[in-house]
$ cat query35.pdb   # PDB, C-alpha atoms
ATOM      1  CA  MET B   1    -125.354 -45.837 106.378
ATOM      2  CA  ALA B   2    -122.997 -46.274 109.302
ATOM      3  CA  THR B   3    -121.872 -44.235 112.284
ATOM      4  CA  PHE B   4    -118.118 -43.769 112.435
ATOM      5  CA  SER B   5    -115.674 -42.479 115.019
ATOM      6  CA  LEU B   6    -111.992 -41.849 114.394
ATOM      7  CA  LEU B   7    -108.980 -42.462 116.615
ATOM      8  CA  VAL B   8    -106.139 -40.203 115.497
ATOM      9  CA  THR B   9    -102.688 -40.960 116.919
ATOM     10  CA  ALA B  10    -100.473 -39.641 114.125
ATOM     11  CA  ASN B  11     -98.034 -36.833 114.827
ATOM     12  CA  PRO B  12     -99.283 -33.856 112.772
ATOM     13  CA  TYR B  13     -96.884 -32.683 110.028
ATOM     14  CA  SER B  14     -94.409 -35.533 110.756
ATOM     15  CA  SER B  15     -96.535 -38.154 109.073
ATOM     16  CA  GLN B  16     -99.512 -38.469 106.765
ATOM     17  CA  GLY B  17    -102.008 -39.832 109.314
ATOM     18  CA  GLN B  18    -103.740 -36.567 110.202
ATOM     19  CA  PHE B  19    -104.062 -35.527 106.549
ATOM     20  CA  SER B  20    -105.599 -38.924 105.715
ATOM     21  CA  ALA B  21    -107.941 -38.733 108.716
ATOM     22  CA  ILE B  22    -109.362 -35.377 107.612
ATOM     23  CA  GLN B  23    -109.854 -36.618 104.036
ATOM     24  CA  PHE B  24    -111.518 -39.766 105.340
ATOM     25  CA  ALA B  25    -113.820 -37.757 107.619
ATOM     26  CA  ARG B  26    -114.878 -35.430 104.806
ATOM     27  CA  THR B  27    -115.468 -38.308 102.413
ATOM     28  CA  LEU B  28    -117.561 -40.408 104.764
ATOM     29  CA  LEU B  29    -119.769 -37.395 105.495
ATOM     30  CA  GLU B  30    -120.114 -36.674 101.756
ATOM     31  CA  GLN B  31    -121.251 -40.252 101.268
ATOM     32  CA  GLY B  32    -124.022 -39.842 103.823
ATOM     33  CA  HIS B  33    -122.471 -41.667 106.784
ATOM     34  CA  SER B  34    -122.306 -39.972 110.155
ATOM     35  CA  LEU B  35    -119.245 -39.118 112.211
ATOM     36  CA  MET B  36    -119.835 -39.120 115.930
ATOM     37  CA  ARG B  37    -116.462 -38.178 117.338
ATOM     38  CA  VAL B  38    -112.793 -37.747 116.541
ATOM     39  CA  PHE B  39    -110.628 -38.798 119.470
ATOM     40  CA  PHE B  40    -107.009 -37.631 119.539
ATOM     41  CA  TYR B  41    -104.555 -39.803 121.428
ATOM     42  CA  ALA B  42    -100.797 -40.358 121.723
ATOM     43  CA  ASP B  43     -98.905 -37.873 119.442
ATOM     44  CA  GLY B  44    -102.203 -37.123 117.678
ATOM     45  CA  VAL B  45    -103.116 -34.681 120.477
ATOM     46  CA  LEU B  46    -100.430 -32.267 119.255
ATOM     47  CA  VAL B  47    -102.776 -31.033 116.515
ATOM     48  CA  ALA B  48    -105.035 -29.505 119.194
ATOM     49  CA  SER B  49    -102.545 -26.681 119.831
ATOM     50  CA  ARG B  50    -103.680 -23.343 118.418
ATOM     51  CA  LEU B  51    -100.024 -22.264 118.128
ATOM     52  CA  HIS B  52     -99.078 -24.209 114.998
ATOM     53  CA  ALA B  53     -97.781 -21.901 112.280
ATOM     54  CA  PRO B  54     -97.111 -23.957 109.114
ATOM     55  CA  PRO B  55     -95.939 -22.141 105.949
ATOM     56  CA  ALA B  56     -98.745 -20.245 104.186
ATOM     57  CA  ASP B  57     -98.848 -22.642 101.224
ATOM     58  CA  GLU B  58     -99.327 -25.701 103.458
ATOM     59  CA  ILE B  59    -102.526 -26.916 105.087
ATOM     60  CA  ASN B  60    -103.029 -25.904 108.723
ATOM     61  CA  LEU B  61    -104.289 -29.170 110.210
ATOM     62  CA  THR B  62    -105.703 -27.571 113.365
ATOM     63  CA  LYS B  63    -107.780 -25.157 111.297
ATOM     64  CA  ALA B  64    -108.831 -27.947 108.930
ATOM     65  CA  TRP B  65    -110.166 -29.992 111.863
ATOM     66  CA  ALA B  66    -111.822 -26.912 113.362
ATOM     67  CA  LYS B  67    -113.566 -26.130 110.059
ATOM     68  CA  LEU B  68    -114.895 -29.685 109.856
ATOM     69  CA  ALA B  69    -116.036 -29.612 113.489
ATOM     70  CA  ILE B  70    -117.917 -26.326 113.087
ATOM     71  CA  GLU B  71    -119.478 -27.048 109.691
ATOM     72  CA  LYS B  72    -120.523 -30.611 110.460
ATOM     73  CA  ASP B  73    -120.956 -30.436 114.241
ATOM     74  CA  ILE B  74    -118.300 -33.046 115.018
ATOM     75  CA  GLU B  75    -116.769 -33.531 118.463
ATOM     76  CA  LEU B  76    -112.971 -33.182 118.560
ATOM     77  CA  ILE B  77    -111.676 -34.609 121.829
ATOM     78  CA  ALA B  78    -108.069 -34.884 122.988
ATOM     79  CA  CYS B  79    -107.107 -37.285 125.783
ATOM     80  CA  VAL B  80    -106.171 -35.278 128.859
ATOM     81  CA  THR B  81    -103.275 -37.506 129.957
ATOM     82  CA  ALA B  82    -101.740 -37.706 126.490
ATOM     83  CA  ALA B  83    -102.275 -33.977 125.916
ATOM     84  CA  ASN B  84    -100.984 -32.598 129.202
ATOM     85  CA  LYS B  85     -97.722 -34.504 129.076
ATOM     86  CA  ARG B  86     -97.155 -33.309 125.498
ATOM     87  CA  GLY B  87     -97.760 -29.665 126.373
ATOM     88  CA  ILE B  88    -101.345 -29.318 125.156
ATOM     89  CA  VAL B  89    -103.374 -27.649 127.918
ATOM     90  CA  ASN B  90    -106.634 -25.798 128.272
ATOM     91  CA  ALA B  91    -107.064 -22.886 130.672
ATOM     92  CA  SER B  92    -108.164 -24.981 133.655
ATOM     93  CA  GLU B  93    -105.349 -27.540 133.244
ATOM     94  CA  ALA B  94    -102.861 -24.685 132.896
ATOM     95  CA  GLU B  95    -104.084 -23.182 136.129
ATOM     96  CA  ARG B  96    -104.178 -26.534 137.935
ATOM     97  CA  ASN B  97    -100.558 -27.242 136.922
ATOM     98  CA  ALA B  98     -99.367 -23.671 137.517
ATOM     99  CA  LEU B  99     -98.332 -23.213 133.869
ATOM    100  CA  THR B 100     -97.652 -19.831 132.269
ATOM    101  CA  GLY B 101    -100.254 -20.207 129.515
ATOM    102  CA  ASP B 102    -102.697 -22.452 127.697
ATOM    103  CA  ASN B 103    -102.741 -23.418 124.027
ATOM    104  CA  LEU B 104    -105.806 -25.565 123.316
ATOM    105  CA  ASP B 105    -107.582 -24.557 120.119
ATOM    106  CA  PRO B 106    -111.215 -23.649 120.919
ATOM    107  CA  ALA B 107    -112.536 -26.242 118.431
ATOM    108  CA  PHE B 108    -111.078 -29.022 120.586
ATOM    109  CA  GLU B 109    -112.066 -30.334 123.997
ATOM    110  CA  ILE B 110    -109.880 -32.046 126.556
ATOM    111  CA  SER B 111    -111.423 -35.103 128.166
ATOM    112  CA  GLY B 112    -110.663 -38.625 129.330
ATOM    113  CA  LEU B 113    -110.202 -42.009 127.663
ATOM    114  CA  GLY B 114    -113.778 -42.856 128.623
ATOM    115  CA  GLN B 115    -114.785 -40.742 125.630
ATOM    116  CA  LEU B 116    -112.967 -43.182 123.339
ATOM    117  CA  THR B 117    -114.735 -46.160 124.910
ATOM    118  CA  GLU B 118    -118.059 -44.376 124.603
ATOM    119  CA  ALA B 119    -117.305 -43.648 120.931
ATOM    120  CA  MET B 120    -116.847 -47.390 120.334
ATOM    121  CA  LEU B 121    -120.062 -48.238 122.170
ATOM    122  CA  GLU B 122    -122.038 -45.751 120.091
ATOM    123  CA  SER B 123    -120.384 -46.180 116.671
ATOM    124  CA  ASP B 124    -120.475 -48.985 114.123
ATOM    125  CA  ARG B 125    -116.856 -48.432 113.137
ATOM    126  CA  LEU B 126    -113.750 -46.953 114.742
ATOM    127  CA  ILE B 127    -110.960 -46.177 112.296
ATOM    128  CA  THR B 128    -107.438 -45.499 113.571
ATOM    129  CA  PHE B 129    -105.068 -43.093 111.817
ATOM    130  CA  GLY B 130    -101.600 -43.583 113.235
TER     131      GLY B 130
ATOM    132  CA  MET S   1    -124.265 -57.756 124.939
ATOM    133  CA  ASN S   2    -121.629 -55.037 124.796
ATOM    134  CA  LYS S   3    -119.437 -54.725 121.747
ATOM    135  CA  SER S   4    -116.125 -56.540 122.069
ATOM    136  CA  ILE S   5    -112.641 -55.158 121.596
ATOM    137  CA  CYS S   6    -109.479 -56.927 120.546
ATOM    138  CA  ILE S   7    -106.365 -55.042 121.606
ATOM    139  CA  ILE S   8    -103.151 -55.982 119.864
ATOM    140  CA  PHE S   9     -99.796 -55.217 121.445
ATOM    141  CA  ASN S  10     -97.194 -55.464 118.691
ATOM    142  CA  LYS S  11     -94.415 -53.129 119.813
ATOM    143  CA  ALA S  12     -91.615 -53.576 122.330
ATOM    144  CA  PRO S  13     -91.875 -51.589 125.570
ATOM    145  CA  TYR S  14     -90.042 -48.298 126.343
ATOM    146  CA  GLY S  15     -88.789 -47.541 122.812
ATOM    147  CA  SER S  16     -92.206 -45.985 122.339
ATOM    148  CA  GLN S  17     -95.198 -45.171 124.520
ATOM    149  CA  ALA S  18     -97.446 -47.449 122.443
ATOM    150  CA  GLY S  19     -97.655 -50.297 124.963
ATOM    151  CA  ARG S  20     -98.424 -48.095 127.903
ATOM    152  CA  GLU S  21    -100.985 -45.976 126.048
ATOM    153  CA  LEU S  22    -102.684 -49.070 124.629
ATOM    154  CA  LEU S  23    -102.802 -50.579 128.098
ATOM    155  CA  ASP S  24    -104.600 -47.450 129.331
ATOM    156  CA  ILE S  25    -107.229 -47.906 126.598
ATOM    157  CA  ALA S  26    -107.693 -51.547 127.646
ATOM    158  CA  LEU S  27    -108.205 -50.674 131.308
ATOM    159  CA  MET S  28    -110.664 -47.892 130.521
ATOM    160  CA  ALA S  29    -112.710 -50.068 128.152
ATOM    161  CA  ALA S  30    -112.753 -52.802 130.803
ATOM    162  CA  ALA S  31    -114.241 -50.295 133.258
ATOM    163  CA  PHE S  32    -117.124 -49.901 130.774
ATOM    164  CA  ASP S  33    -117.678 -53.684 130.864
ATOM    165  CA  MET S  34    -116.685 -54.164 127.234
ATOM    166  CA  PRO S  35    -115.453 -57.736 126.628
ATOM    167  CA  ILE S  36    -111.753 -57.406 125.872
ATOM    168  CA  THR S  37    -109.228 -59.729 124.316
ATOM    169  CA  ALA S  38    -105.576 -58.745 124.743
ATOM    170  CA  ILE S  39    -103.169 -60.238 122.215
ATOM    171  CA  PHE S  40     -99.388 -59.960 122.218
ATOM    172  CA  VAL S  41     -97.676 -60.501 118.883
ATOM    173  CA  GLU S  42     -94.381 -59.739 117.144
ATOM    174  CA  ASP S  43     -92.167 -57.391 119.250
ATOM    175  CA  GLY S  44     -95.201 -56.967 121.519
ATOM    176  CA  VAL S  45     -94.346 -60.229 123.285
ATOM    177  CA  TYR S  46     -91.478 -58.303 124.937
ATOM    178  CA  GLN S  47     -94.114 -56.245 126.802
ATOM    179  CA  LEU S  48     -94.649 -59.376 128.909
ATOM    180  CA  LEU S  49     -91.029 -60.124 129.740
ATOM    181  CA  ASN S  50     -90.459 -60.627 133.445
ATOM    182  CA  ASN S  51     -88.037 -58.551 135.556
ATOM    183  CA  GLN S  52     -88.036 -55.409 133.451
ATOM    184  CA  GLN S  53     -85.961 -52.544 134.877
ATOM    185  CA  PRO S  54     -86.847 -49.425 132.892
ATOM    186  CA  ASP S  55     -86.100 -47.295 135.970
ATOM    187  CA  ILE S  56     -82.476 -47.473 134.822
ATOM    188  CA  LEU S  57     -83.636 -45.417 131.829
ATOM    189  CA  HIS S  58     -85.759 -43.172 134.055
ATOM    190  CA  ILE S  59     -88.870 -44.581 132.396
ATOM    191  CA  LYS S  60     -91.892 -45.644 134.408
ATOM    192  CA  ASN S  61     -92.425 -49.407 134.563
ATOM    193  CA  HIS S  62     -95.894 -50.263 133.265
ATOM    194  CA  SER S  63     -95.307 -54.000 132.956
ATOM    195  CA  SER S  64     -96.655 -54.877 136.401
ATOM    196  CA  THR S  65    -100.025 -53.523 135.296
ATOM    197  CA  PHE S  66    -100.230 -56.364 132.763
ATOM    198  CA  LYS S  67    -100.315 -58.759 135.712
ATOM    199  CA  ALA S  68    -103.437 -56.966 136.923
ATOM    200  CA  LEU S  69    -105.357 -57.480 133.656
ATOM    201  CA  PRO S  70    -107.528 -60.281 135.138
ATOM    202  CA  LEU S  71    -108.335 -58.028 138.116
ATOM    203  CA  TYR S  72    -109.748 -55.515 135.646
ATOM    204  CA  GLY S  73    -111.889 -58.251 134.095
ATOM    205  CA  ILE S  74    -109.595 -58.851 131.118
ATOM    206  CA  GLU S  75    -109.254 -62.617 131.227
ATOM    207  CA  ASP S  76    -108.700 -63.375 127.553
ATOM    208  CA  VAL S  77    -104.970 -62.805 127.258
ATOM    209  CA  TYR S  78    -103.089 -64.497 124.432
ATOM    210  CA  VAL S  79     -99.499 -64.491 123.294
ATOM    211  CA  ALA S  80     -98.319 -65.660 119.873
ATOM    212  CA  GLN S  81     -96.402 -68.913 120.263
ATOM    213  CA  GLU S  82     -94.777 -68.380 116.873
ATOM    214  CA  ASP S  83     -93.294 -65.061 118.006
ATOM    215  CA  LEU S  84     -92.139 -66.492 121.347
ATOM    216  CA  ASP S  85     -90.304 -69.152 119.335
ATOM    217  CA  LYS S  86     -88.857 -66.564 116.975
ATOM    218  CA  PHE S  87     -87.329 -64.648 119.909
ATOM    219  CA  LYS S  88     -86.291 -67.837 121.745
ATOM    220  CA  LEU S  89     -88.641 -66.983 124.611
ATOM    221  CA  ASP S  90     -90.907 -69.276 126.573
ATOM    222  CA  MET S  91     -93.762 -68.778 129.030
ATOM    223  CA  GLY S  92     -91.327 -69.137 131.943
ATOM    224  CA  ARG S  93     -89.694 -65.837 130.950
ATOM    225  CA  LEU S  94     -92.995 -63.963 130.961
ATOM    226  CA  LEU S  95     -94.997 -62.214 133.663
ATOM    227  CA  ASP S  96     -97.182 -64.537 135.672
ATOM    228  CA  ILE S  97    -100.607 -63.437 134.385
ATOM    229  CA  ASP S  98    -103.542 -65.597 135.444
ATOM    230  CA  GLY S  99    -104.981 -67.461 132.462
ATOM    231  CA  ILE S 100    -102.524 -66.240 129.833
ATOM    232  CA  GLN S 101    -102.327 -68.662 126.921
ATOM    233  CA  PRO S 102     -99.745 -69.161 124.185
ATOM    234  CA  VAL S 103    -101.661 -69.669 120.955
ATOM    235  CA  ALA S 104    -101.110 -70.374 117.273
ATOM    236  CA  THR S 105    -101.484 -67.709 114.586
ATOM    237  CA  ASP S 106    -104.765 -69.207 113.353
ATOM    238  CA  THR S 107    -106.296 -68.765 116.813
ATOM    239  CA  ILE S 108    -105.220 -65.116 116.836
ATOM    240  CA  LYS S 109    -106.780 -64.566 113.406
ATOM    241  CA  SER S 110    -110.024 -66.054 114.678
ATOM    242  CA  LYS S 111    -110.034 -63.856 117.821
ATOM    243  CA  ILE S 112    -109.534 -60.774 115.651
ATOM    244  CA  ALA S 113    -112.269 -61.825 113.234
ATOM    245  CA  HIS S 114    -114.770 -62.263 116.062
ATOM    246  CA  SER S 115    -114.236 -58.845 117.676
ATOM    247  CA  ASN S 116    -116.309 -55.748 116.935
ATOM    248  CA  PHE S 117    -113.299 -53.450 117.241
ATOM    249  CA  VAL S 118    -109.592 -54.075 116.770
ATOM    250  CA  LEU S 119    -107.126 -51.594 118.214
ATOM    251  CA  THR S 120    -103.393 -51.195 118.062
ATOM    252  CA  LEU S 121    -101.030 -48.249 118.418
TER     253      LEU S 121
END
$ encode --input "query35.pdb" --output "structure tokens"
Amino acid sequence: MATFSLLVTANPYSSQGQFSAIQFARTLLEQGHSLMRVFFYADGVLVASRLHAPPADEINLTKAWAKLAIEKDIELIACVTAANKRGIVNASEAERNALTGDNLDPAFEISGLGQLTEAMLESDRLITFG
Amino acid sequence: MNKSICIIFNKAPYGSQAGRELLDIALMAAAFDMPITAIFVEDGVYQLLNNQQPDILHIKNHSSTFKALPLYGIEDVYVAQEDLDKFKLDMGRLLDIDGIQPVATDTIKSKIAHSNFVLTL
């Protein structure tokens, strides 16, 4: 059994990457592997917004990640630099940048690229979904 | 021995953020003392072109940071000779990075095969 981490860079809803990443995460856990961390980078950070409102008959990717994180105790981390410049902010970043509001979904954390490096050091495999 | 990372730059600069965001990953991993190999292939060889002026496009120039790779401890920097040839480029047109080597495709395959992690964006 191996320890995995995922690097998700795909733009949610514009491409298949995020859908594939969630399926992959669920499947590896079902097969008895462990998932240490999912790191969101580049356009992948956009999924961390709690303001997505896809049509009712389509999967809500943010909620799908949140469900996985809560049920399986998985860390969902979005890169702070990538997130802030794409309009994904938590309360403290919103205050620091004098923004009118924050939009980070509570299942996600904002942190630095060091968390990606650490994920590689502590995992057997890092799989990218771009 | 720390796990090694091979970082592959395969996209041209400025048309997308890929080069800059991949460079940030490389620098951060280097700060954790992970052995890093940086490889430039396909359109990625344009990342290394000298005298870039993206300020005309109001885009920040990240290319000078490539010159600092050895300062960050990233000394294994390779560029695909085959792709330089394809674009009619030579080493004289590229940034002056200490220790950068033009290599054949087989060498690149071997570098990838011997790394614990392979990253591209």
$ closest_residue --input "query35.pdb" --among "S:Ile56, S:Lys111, S:Leu94, S:Leu119" --to "Leu116 (chain B)" --atoms "all atoms listed in the file"
S:Leu119
$ residues_near_point --input "query35.pdb" --point "(-101.3, -68.3, 109.9)" --cutoff "12 Å" --atoms "all atoms listed in the file" --output "PDB file with C-alpha atoms, in the coordinates of the input"
ATOM      1  CA  ALA S  80     -98.319 -65.660 119.873  1.00  0.00           C
ATOM      2  CA  GLN S  81     -96.402 -68.913 120.263  1.00  0.00           C
ATOM      3  CA  GLU S  82     -94.777 -68.380 116.873  1.00  0.00           C
ATOM      4  CA  ASP S  83     -93.294 -65.061 118.006  1.00  0.00           C
ATOM      5  CA  VAL S 103    -101.661 -69.669 120.955  1.00  0.00           C
ATOM      6  CA  ALA S 104    -101.110 -70.374 117.273  1.00  0.00           C
ATOM      7  CA  THR S 105    -101.484 -67.709 114.586  1.00  0.00           C
ATOM      8  CA  ASP S 106    -104.765 -69.207 113.353  1.00  0.00           C
ATOM      9  CA  THR S 107    -106.296 -68.765 116.813  1.00  0.00           C
ATOM     10  CA  ILE S 108    -105.220 -65.116 116.836  1.00  0.00           C
ATOM     11  CA  LYS S 109    -106.780 -64.566 113.406  1.00  0.00           C
ATOM     12  CA  SER S 110    -110.024 -66.054 114.678  1.00  0.00           C
TER      13      SER S 110
END
$ atom_distance --input "query35.pdb" --atom1 "CA of Lys67 (chain S)" --atom2 "CA of Asp43 (chain B)"
26.5 Å
$ resolve_selection --input "query35.pdb" --expression "the PyMOL selection byres ((chain B) within 12 of (chain S))" --output "PDB file with C-alpha atoms, in the coordinates of the input"
ATOM      1  CA  PHE B   4    -118.118 -43.769 112.435  1.00  0.00           C
ATOM      2  CA  SER B   5    -115.674 -42.479 115.019  1.00  0.00           C
ATOM      3  CA  LEU B   6    -111.992 -41.849 114.394  1.00  0.00           C
ATOM      4  CA  LEU B   7    -108.980 -42.462 116.615  1.00  0.00           C
ATOM      5  CA  VAL B   8    -106.139 -40.203 115.497  1.00  0.00           C
ATOM      6  CA  THR B   9    -102.688 -40.960 116.919  1.00  0.00           C
ATOM      7  CA  ALA B  10    -100.473 -39.641 114.125  1.00  0.00           C
ATOM      8  CA  TYR B  41    -104.555 -39.803 121.428  1.00  0.00           C
ATOM      9  CA  ALA B  42    -100.797 -40.358 121.723  1.00  0.00           C
ATOM     10  CA  ASP B  43     -98.905 -37.873 119.442  1.00  0.00           C
ATOM     11  CA  GLY B  44    -102.203 -37.123 117.678  1.00  0.00           C
ATOM     12  CA  CYS B  79    -107.107 -37.285 125.783  1.00  0.00           C
ATOM     13  CA  THR B  81    -103.275 -37.506 129.957  1.00  0.00           C
ATOM     14  CA  ALA B  82    -101.740 -37.706 126.490  1.00  0.00           C
ATOM     15  CA  LYS B  85     -97.722 -34.504 129.076  1.00  0.00           C
ATOM     16  CA  GLY B 112    -110.663 -38.625 129.330  1.00  0.00           C
ATOM     17  CA  LEU B 113    -110.202 -42.009 127.663  1.00  0.00           C
ATOM     18  CA  GLY B 114    -113.778 -42.856 128.623  1.00  0.00           C
ATOM     19  CA  GLN B 115    -114.785 -40.742 125.630  1.00  0.00           C
ATOM     20  CA  LEU B 116    -112.967 -43.182 123.339  1.00  0.00           C
ATOM     21  CA  THR B 117    -114.735 -46.160 124.910  1.00  0.00           C
ATOM     22  CA  GLU B 118    -118.059 -44.376 124.603  1.00  0.00           C
ATOM     23  CA  ALA B 119    -117.305 -43.648 120.931  1.00  0.00           C
ATOM     24  CA  MET B 120    -116.847 -47.390 120.334  1.00  0.00           C
ATOM     25  CA  LEU B 121    -120.062 -48.238 122.170  1.00  0.00           C
ATOM     26  CA  GLU B 122    -122.038 -45.751 120.091  1.00  0.00           C
ATOM     27  CA  SER B 123    -120.384 -46.180 116.671  1.00  0.00           C
ATOM     28  CA  ASP B 124    -120.475 -48.985 114.123  1.00  0.00           C
ATOM     29  CA  ARG B 125    -116.856 -48.432 113.137  1.00  0.00           C
ATOM     30  CA  LEU B 126    -113.750 -46.953 114.742  1.00  0.00           C
ATOM     31  CA  ILE B 127    -110.960 -46.177 112.296  1.00  0.00           C
ATOM     32  CA  THR B 128    -107.438 -45.499 113.571  1.00  0.00           C
ATOM     33  CA  PHE B 129    -105.068 -43.093 111.817  1.00  0.00           C
ATOM     34  CA  GLY B 130    -101.600 -43.583 113.235  1.00  0.00           C
TER      35      GLY B 130
END
$ residues_around --input "query35.pdb" --residues "Ala64 (chain B)" --least-positions-apart "2" --cutoff "12 Å" --atoms "all atoms listed in the file" --output "ChimeraX atom specification"
/B:12,18-23,25-26,47-48,50,58-62,66-71,76,105,107-108
$ build_atoms --input "query35.pdb" --residues "region 59-83 of chain S" --atoms "N, CA and C atoms" --output "JSON list (two decimals), keeping the file's coordinate frame"
[["chain", "number", "residue", "atom", "x", "y", "z"],
["S", 59, "ILE", "N", -87.55, -44.41, 133.01],
["S", 59, "ILE", "CA", -88.87, -44.58, 132.40],
["S", 59, "ILE", "C", -89.73, -45.39, 133.37],
["S", 60, "LYS", "N", -90.98, -44.97, 133.48],
["S", 60, "LYS", "CA", -91.89, -45.64, 134.41],
["S", 60, "LYS", "C", -92.17, -47.08, 133.94],
["S", 61, "ASN", "N", -92.19, -48.00, 134.89],
["S", 61, "ASN", "CA", -92.42, -49.41, 134.56],
["S", 61, "ASN", "C", -93.93, -49.69, 134.53],
["S", 62, "HIS", "N", -94.46, -49.96, 133.34],
["S", 62, "HIS", "CA", -95.89, -50.26, 133.26],
["S", 62, "HIS", "C", -96.17, -51.76, 133.22],
["S", 63, "SER", "N", -95.10, -52.57, 133.21],
["S", 63, "SER", "CA", -95.31, -54.00, 132.96],
["S", 63, "SER", "C", -96.09, -54.69, 134.07],
["S", 64, "SER", "N", -95.94, -54.19, 135.31],
["S", 64, "SER", "CA", -96.66, -54.88, 136.40],
["S", 64, "SER", "C", -98.17, -54.74, 136.24],
["S", 65, "THR", "N", -98.59, -53.70, 135.52],
["S", 65, "THR", "CA", -100.02, -53.52, 135.30],
["S", 65, "THR", "C", -100.60, -54.65, 134.43],
["S", 66, "PHE", "N", -99.75, -55.23, 133.57],
["S", 66, "PHE", "CA", -100.23, -56.36, 132.76],
["S", 66, "PHE", "C", -100.67, -57.53, 133.66],
["S", 67, "LYS", "N", -99.95, -57.68, 134.79],
["S", 67, "LYS", "CA", -100.32, -58.76, 135.71],
["S", 67, "LYS", "C", -101.71, -58.56, 136.29],
["S", 68, "ALA", "N", -102.14, -57.29, 136.33],
["S", 68, "ALA", "CA", -103.44, -56.97, 136.92],
["S", 68, "ALA", "C", -104.59, -57.06, 135.92],
["S", 69, "LEU", "N", -104.28, -57.43, 134.67],
["S", 69, "LEU", "CA", -105.36, -57.48, 133.66],
["S", 69, "LEU", "C", -106.57, -58.30, 134.13],
["S", 70, "PRO", "N", -106.35, -59.51, 134.69],
["S", 70, "PRO", "CA", -107.53, -60.28, 135.14],
["S", 70, "PRO", "C", -108.33, -59.56, 136.23],
["S", 71, "LEU", "N", -107.64, -58.79, 137.07],
["S", 71, "LEU", "CA", -108.34, -58.03, 138.12],
["S", 71, "LEU", "C", -109.28, -56.99, 137.52],
["S", 72, "TYR", "N", -108.90, -56.49, 136.33],
["S", 72, "TYR", "CA", -109.75, -55.52, 135.65],
["S", 72, "TYR", "C", -110.82, -56.20, 134.79],
["S", 73, "GLY", "N", -110.87, -57.52, 134.87],
["S", 73, "GLY", "CA", -111.89, -58.25, 134.10],
["S", 73, "GLY", "C", -111.42, -58.64, 132.70],
["S", 74, "ILE", "N", -110.13, -58.44, 132.43],
["S", 74, "ILE", "CA", -109.60, -58.85, 131.12],
["S", 74, "ILE", "C", -108.94, -60.22, 131.30],
["S", 75, "GLU", "N", -109.72, -61.25, 130.97],
["S", 75, "GLU", "CA", -109.25, -62.62, 131.23],
["S", 75, "GLU", "C", -108.81, -63.35, 129.97],
["S", 76, "ASP", "N", -109.13, -62.76, 128.81],
["S", 76, "ASP", "CA", -108.70, -63.38, 127.55],
["S", 76, "ASP", "C", -107.38, -62.73, 127.12],
["S", 77, "VAL", "N", -106.29, -63.34, 127.56],
["S", 77, "VAL", "CA", -104.97, -62.80, 127.26],
["S", 77, "VAL", "C", -104.17, -63.87, 126.49],
["S", 78, "TYR", "N", -103.76, -63.52, 125.28],
["S", 78, "TYR", "CA", -103.09, -64.50, 124.43],
["S", 78, "TYR", "C", -101.74, -63.96, 123.95],
["S", 79, "VAL", "N", -100.81, -64.88, 123.82],
["S", 79, "VAL", "CA", -99.50, -64.49, 123.29],
["S", 79, "VAL", "C", -99.15, -65.44, 122.14],
["S", 80, "ALA", "N", -98.60, -64.86, 121.08],
["S", 80, "ALA", "CA", -98.32, -65.66, 119.87],
["S", 80, "ALA", "C", -97.14, -66.61, 120.11],
["S", 81, "GLN", "N", -97.44, -67.90, 120.06],
["S", 81, "GLN", "CA", -96.40, -68.91, 120.26],
["S", 81, "GLN", "C", -95.30, -68.77, 119.20],
["S", 82, "GLU", "N", -95.72, -68.50, 117.98],
["S", 82, "GLU", "CA", -94.78, -68.38, 116.87],
["S", 82, "GLU", "C", -93.74, -67.28, 117.14],
["S", 83, "ASP", "N", -94.21, -66.17, 117.73],
["S", 83, "ASP", "CA", -93.29, -65.06, 118.01],
["S", 83, "ASP", "C", -92.43, -65.34, 119.23]]
